[in-house]
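Trainee: First the structure, which I've put down as structure tokens, then a few questions once you've had a look.
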Amino acid sequence: MTFYQELQLSSVGSKQLIKNTTDSKEKRRHILIYNFKVYLVMAFCVAVVSMYSKLTGSNNSVVGVTVLLAVLVLRQADFGIRTTHGLLSIAGIFGILMAGPRLANMAAALPFAAFFINVVCILLLMILGCHNVIMYNHSTFVLGYLLLLGYDVTGQEYILRIEGLVVGMLICMAVFYKNQKNRPYRRTFLDLFREFDIHSARTRWYLKLTLIVSSAMLFMNLLGLPRAMWAGIACMSVCLPFTEDCASRAGNRGLFNVVGCLLFIVLYLVLPESMYPYIGMIGGIGVGYSAGYAWQTAFNTFGALSIAAGLFGMPAAVALRIGANVFGAVYTVVCNKLVDKVAERIYIRKNATA
């Protein structure tokens, strides 16, 4: 395996390669490449986000995160339709990212109006980006929507946000077309909507995720709690296409958010205040070394908490983070089971009367 090929491996693949290598010299080589990859990716992420922050303002650093995640995903993922039609999906997705979060925040005084906007936007993101369910594209595009929703801007900063997203959209289109142009799909852009069928498992998952995420944020808003998108992200992360996988994911989400918060508290108390801005970067390195969802969840708390601690104070930020994530995880499991039971009863009743 070449140096470049090893750089393309996931953390799981790199760790498995190191584990299976018996030659000590080769093992050291794989370990060095793995470490180099982690810090290379981290440096690239910091560079992209820093560039966006410099060009569009520090409050728009989340745009850099959104675009970066989209580019990394679209290098390998597809939409299950013709590549040229996939470009239309990317345009639609970024159009929603530009308008949806701003509209929802404008309607924040009317929580149910904001809920309706979120439902429409998230459902469209699911339809446009998640037709090929195994690609898990929803975790990127819905996450981007929720981040932009949570870190809102207005006025000139919003104009710069739009410009940053337009540039990001064009980059994503170029990367997507270059890497996916030889896909042999026959489905078209319109098939994404034609195949929207309430009786299909895929469509039911679309609706479940959309309503669970949107309603969780609605409850947070009705209670007057900040960072409602944290609950939405937790719900999105736990609401998997297959219901039987949700319970174990929910357990990891809740437990390792607590673990991440405890680690954050230790860093916050041990490090000097001048180091607080780098706690998020430490979390990013931790994510790079994490092969599984559980520890990725733990280290992902660092970046969110480092920002929230400056706004609400460390104790309040930690309490809010744990509460929002535990609520989102439990709420998703309960809603999933209720929806499945209702669907099962409807199916039985329909067959009984047939």
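Identifiers in this document derive from the order of the structure tokens: chains are assigned A, B, ..., residues are numbered from 1 separately in each chain, and ligands are numbered from 1 in order of occurrence.
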Write out as a VMD selection string each polymer residue whose atoms come within 7 Å of Pro101 (chain A), counting only C-alpha atoms; drop sequence neighbours fewer than 4 positions from it.
Mentor: chain A and resid 97 105 145 148 to 149
Trainee: Using only C-alpha atoms, which protein or nucleic acid residues come within 10 Å of Cys261 (chain A)? Drop anything in the same chain fewer than 4 positions from it, and give the result as a VMD selection string.
Mentor: chain A and resid 256 to 257 265 to 267 298 to 302 305 317 to 319 321 to 322
Trainee: Can I get the selection written as a PDB file, in the first residue's frame, with N, CA and C atoms?
Mentor:
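After the write, out-v8.pdb holds the following:
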ATOM      1  N   PHE A 256     -21.485   9.225  26.308  1.00  0.00           N
ATOM      2  CA  PHE A 256     -20.201   9.824  25.923  1.00  0.00           C
ATOM      3  C   PHE A 256     -20.271  11.337  25.798  1.00  0.00           C
ATOM      4  N   ASN A 257     -21.470  11.911  25.772  1.00  0.00           N
ATOM      5  CA  ASN A 257     -21.551  13.357  25.949  1.00  0.00           C
ATOM      6  C   ASN A 257     -21.190  13.728  27.376  1.00  0.00           C
ATOM      7  N   ILE A 265     -14.340  19.708  31.418  1.00  0.00           N
ATOM      8  CA  ILE A 265     -14.216  20.370  32.723  1.00  0.00           C
ATOM      9  C   ILE A 265     -12.770  20.284  33.230  1.00  0.00           C
ATOM     10  N   VAL A 266     -12.164  19.111  33.077  1.00  0.00           N
ATOM     11  CA  VAL A 266     -10.779  18.937  33.515  1.00  0.00           C
ATOM     12  C   VAL A 266      -9.859  19.897  32.769  1.00  0.00           C
ATOM     13  N   LEU A 267      -9.999  19.954  31.439  1.00  0.00           N
ATOM     14  CA  LEU A 267      -9.165  20.854  30.643  1.00  0.00           C
ATOM     15  C   LEU A 267      -9.419  22.309  31.025  1.00  0.00           C
ATOM     16  N   ALA A 298     -17.674  12.115  22.262  1.00  0.00           N
ATOM     17  CA  ALA A 298     -17.043  12.735  23.433  1.00  0.00           C
ATOM     18  C   ALA A 298     -16.177  13.923  23.038  1.00  0.00           C
ATOM     19  N   PHE A 299     -15.322  13.737  22.049  1.00  0.00           N
ATOM     20  CA  PHE A 299     -14.402  14.814  21.674  1.00  0.00           C
ATOM     21  C   PHE A 299     -15.105  15.947  20.926  1.00  0.00           C
ATOM     22  N   ASN A 300     -16.229  15.642  20.277  1.00  0.00           N
ATOM     23  CA  ASN A 300     -16.976  16.698  19.587  1.00  0.00           C
ATOM     24  C   ASN A 300     -17.586  17.703  20.551  1.00  0.00           C
ATOM     25  N   THR A 301     -17.693  17.327  21.821  1.00  0.00           N
ATOM     26  CA  THR A 301     -18.253  18.275  22.789  1.00  0.00           C
ATOM     27  C   THR A 301     -17.317  19.451  23.046  1.00  0.00           C
ATOM     28  N   PHE A 302     -16.024  19.253  22.829  1.00  0.00           N
ATOM     29  CA  PHE A 302     -15.042  20.279  23.204  1.00  0.00           C
ATOM     30  C   PHE A 302     -15.284  21.602  22.473  1.00  0.00           C
ATOM     31  N   LEU A 305     -18.615  23.295  23.564  1.00  0.00           N
ATOM     32  CA  LEU A 305     -18.555  23.798  24.937  1.00  0.00           C
ATOM     33  C   LEU A 305     -17.603  24.981  25.079  1.00  0.00           C
ATOM     34  N   ALA A 317     -23.027  25.903  30.711  1.00  0.00           N
ATOM     35  CA  ALA A 317     -22.814  25.322  29.387  1.00  0.00           C
ATOM     36  C   ALA A 317     -22.776  23.802  29.458  1.00  0.00           C
ATOM     37  N   VAL A 318     -22.075  23.261  30.448  1.00  0.00           N
ATOM     38  CA  VAL A 318     -21.988  21.806  30.609  1.00  0.00           C
ATOM     39  C   VAL A 318     -23.356  21.216  30.927  1.00  0.00           C
ATOM     40  N   ALA A 319     -24.091  21.852  31.834  1.00  0.00           N
ATOM     41  CA  ALA A 319     -25.428  21.357  32.195  1.00  0.00           C
ATOM     42  C   ALA A 319     -26.356  21.376  30.985  1.00  0.00           C
ATOM     43  N   ARG A 321     -25.463  21.306  27.800  1.00  0.00           N
ATOM     44  CA  ARG A 321     -24.992  20.320  26.816  1.00  0.00           C
ATOM     45  C   ARG A 321     -25.473  18.918  27.177  1.00  0.00           C
ATOM     46  N   ILE A 322     -25.286  18.537  28.423  1.00  0.00           N
ATOM     47  CA  ILE A 322     -25.707  17.205  28.850  1.00  0.00           C
ATOM     48  C   ILE A 322     -27.228  17.070  28.747  1.00  0.00           C
TER      49      ILE A 322
END
Trainee: Name the residues of region 42-82 of chain A that fall into alpha helix (DSSP H) according to DSSP on the backbone, using the chain letters and numbers of this document, as a VMD selection string.
Mentor: chain A and resid 42 to 56 61 to 74
Trainee: When distances are computed from only C-alpha atoms, which of A:Ile81, A:Ala99, A:Met106, A:Cys239 shows the smallest separation from Tyr185 (chain A)?
Mentor: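 Of A:Ile81, A:Ala99, A:Met106, A:Cys239, the one nearest Tyr185 (chain A), counting only C-alpha atoms, is A:Ile81.
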Trainee: When you look at Gly57 (chain A) with a cut-off of 12 Å (counting only C-alpha atoms), what residues show up, excluding the ones that are within fewer than 2 positions of it in the same chain? I need them as a list in words.
Mentor: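 The residues that qualify are Val49, Ser50, Met51, Tyr52, Ser53, Lys54, Leu55, Asn59, Asn60, Ser61, Val62, Val63, Gly64, Val153, Thr154, Gln156, Glu157, Tyr158, Ile159, Leu160, Arg161, Glu163 and Gly164 of chain A.
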Trainee: Go ahead and save the picked residues with C-alpha atoms, as a JSON list (two decimals), in the first residue's frame.
Mentor:
[["chain", "number", "residue", "atom", "x", "y", "z"],
["A", 49, "VAL", "CA", -12.27, 27.48, 8.75],
["A", 50, "SER", "CA", -9.73, 30.24, 9.46],
["A", 51, "MET", "CA", -9.88, 31.38, 5.84],
["A", 52, "TYR", "CA", -13.67, 31.57, 5.96],
["A", 53, "SER", "CA", -13.51, 33.44, 9.26],
["A", 54, "LYS", "CA", -11.08, 35.96, 7.83],
["A", 55, "LEU", "CA", -13.05, 36.53, 4.61],
["A", 59, "ASN", "CA", -19.32, 34.81, 13.31],
["A", 60, "ASN", "CA", -19.36, 32.98, 9.98],
["A", 61, "SER", "CA", -16.72, 30.40, 10.86],
["A", 62, "VAL", "CA", -19.59, 27.89, 10.91],
["A", 63, "VAL", "CA", -19.88, 28.40, 7.14],
["A", 64, "GLY", "CA", -16.34, 27.09, 6.79],
["A", 153, "VAL", "CA", -26.16, 36.33, 11.73],
["A", 154, "THR", "CA", -27.91, 39.36, 10.27],
["A", 156, "GLN", "CA", -23.82, 42.57, 6.37],
["A", 157, "GLU", "CA", -22.67, 39.37, 8.08],
["A", 158, "TYR", "CA", -25.59, 37.52, 6.52],
["A", 159, "ILE", "CA", -24.67, 38.82, 3.07],
["A", 160, "LEU", "CA", -21.11, 37.57, 3.62],
["A", 161, "ARG", "CA", -22.57, 34.23, 4.79],
["A", 163, "GLU", "CA", -21.36, 34.72, -0.48],
["A", 164, "GLY", "CA", -19.37, 32.14, 1.47]]
Trainee: Could you tell me how far CA of Arg102 (chain A) sits from CA of Gly310 (chain A), in Å to one decimal place?
Mentor: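 Going from CA of Gly310 (chain A) over to CA of Arg102 (chain A), I get 23.6 Å.
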Trainee: Do you have, as CSV, the list of residues of region 217-268 of chain A lying at most 10 Å from region 198-209 of chain A, each with its nearest atom pair and that distance in Å to one decimal, counting only C-alpha atoms and ordered by chain then number?
Mentor:
residue,atom,partner,partner_atom,distance
A:Gly232,CA,A:Leu209,CA,9.7
A:Cys235,CA,A:Leu209,CA,7.6
A:Met236,CA,A:Leu209,CA,6.4
A:Ser237,CA,A:Leu209,CA,9.5
A:Val238,CA,A:Leu209,CA,9.2
A:Cys239,CA,A:Leu209,CA,5.9
A:Leu240,CA,A:Trp205,CA,7.8
A:Pro241,CA,A:Trp205,CA,5.7
A:Phe242,CA,A:Trp205,CA,8.2
A:Thr243,CA,A:Trp205,CA,9.0
Trainee: Write out as a PyMOL selection string each polymer residue whose atoms come within 6 Å of region 324-332 of chain A, counting only C-alpha atoms; drop sequence neighbours fewer than 5 positions from it.
Mentor: chain A and resi 230-231+234-235+250+254
Trainee: Of the candidates A:Thr83, A:Ser89, A:Ser14, A:Thr2, which shows the shortest atom-to-atom distance to Gly288 (chain A), using only C-alpha atoms?
Mentor: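 Between A:Thr83, A:Ser89, A:Ser14, A:Thr2, the residue approaching Gly288 (chain A) most closely is A:Ser14.
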Trainee: When you draw a straight line from CA of Ile171 (chain A) to CA of Val71 (chain A), how long is it in Å?
Mentor: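 We find that CA of Ile171 (chain A) and CA of Val71 (chain A) lie 7.5 Å from each other.
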Trainee: Please identify all polymer residues within 10 Å of Ser248 (chain A), counting only C-alpha atoms, omitting same-chain residues fewer than 4 positions from it, and present them as a PyMOL selection string.
Mentor: chain A and resi 238+244+252-253+333
Trainee: Nearest to Cys121 (chain A): which of A:Tyr151, A:Val258, A:Thr210, A:Gln76 is it, counting only C-alpha atoms?
Mentor: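 Under the stated criterion, the closest residue is A:Thr210.
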Trainee: Considering only C-alpha atoms, state which residue in the set A:Leu110, A:Val119, A:Ile212, A:Leu72 is at the smallest distance from Cys172 (chain A).
Mentor: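 Selected residue with least distance to Cys172 (chain A): A:Leu72.
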Trainee: Just checking: using only C-alpha atoms, which residue out of A:Ile282, A:Leu103, A:Leu223, A:Ile18 ends up closest to Phe115 (chain A)?
Mentor: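 Result for the nearest residue to Phe115 (chain A): A:Leu103.
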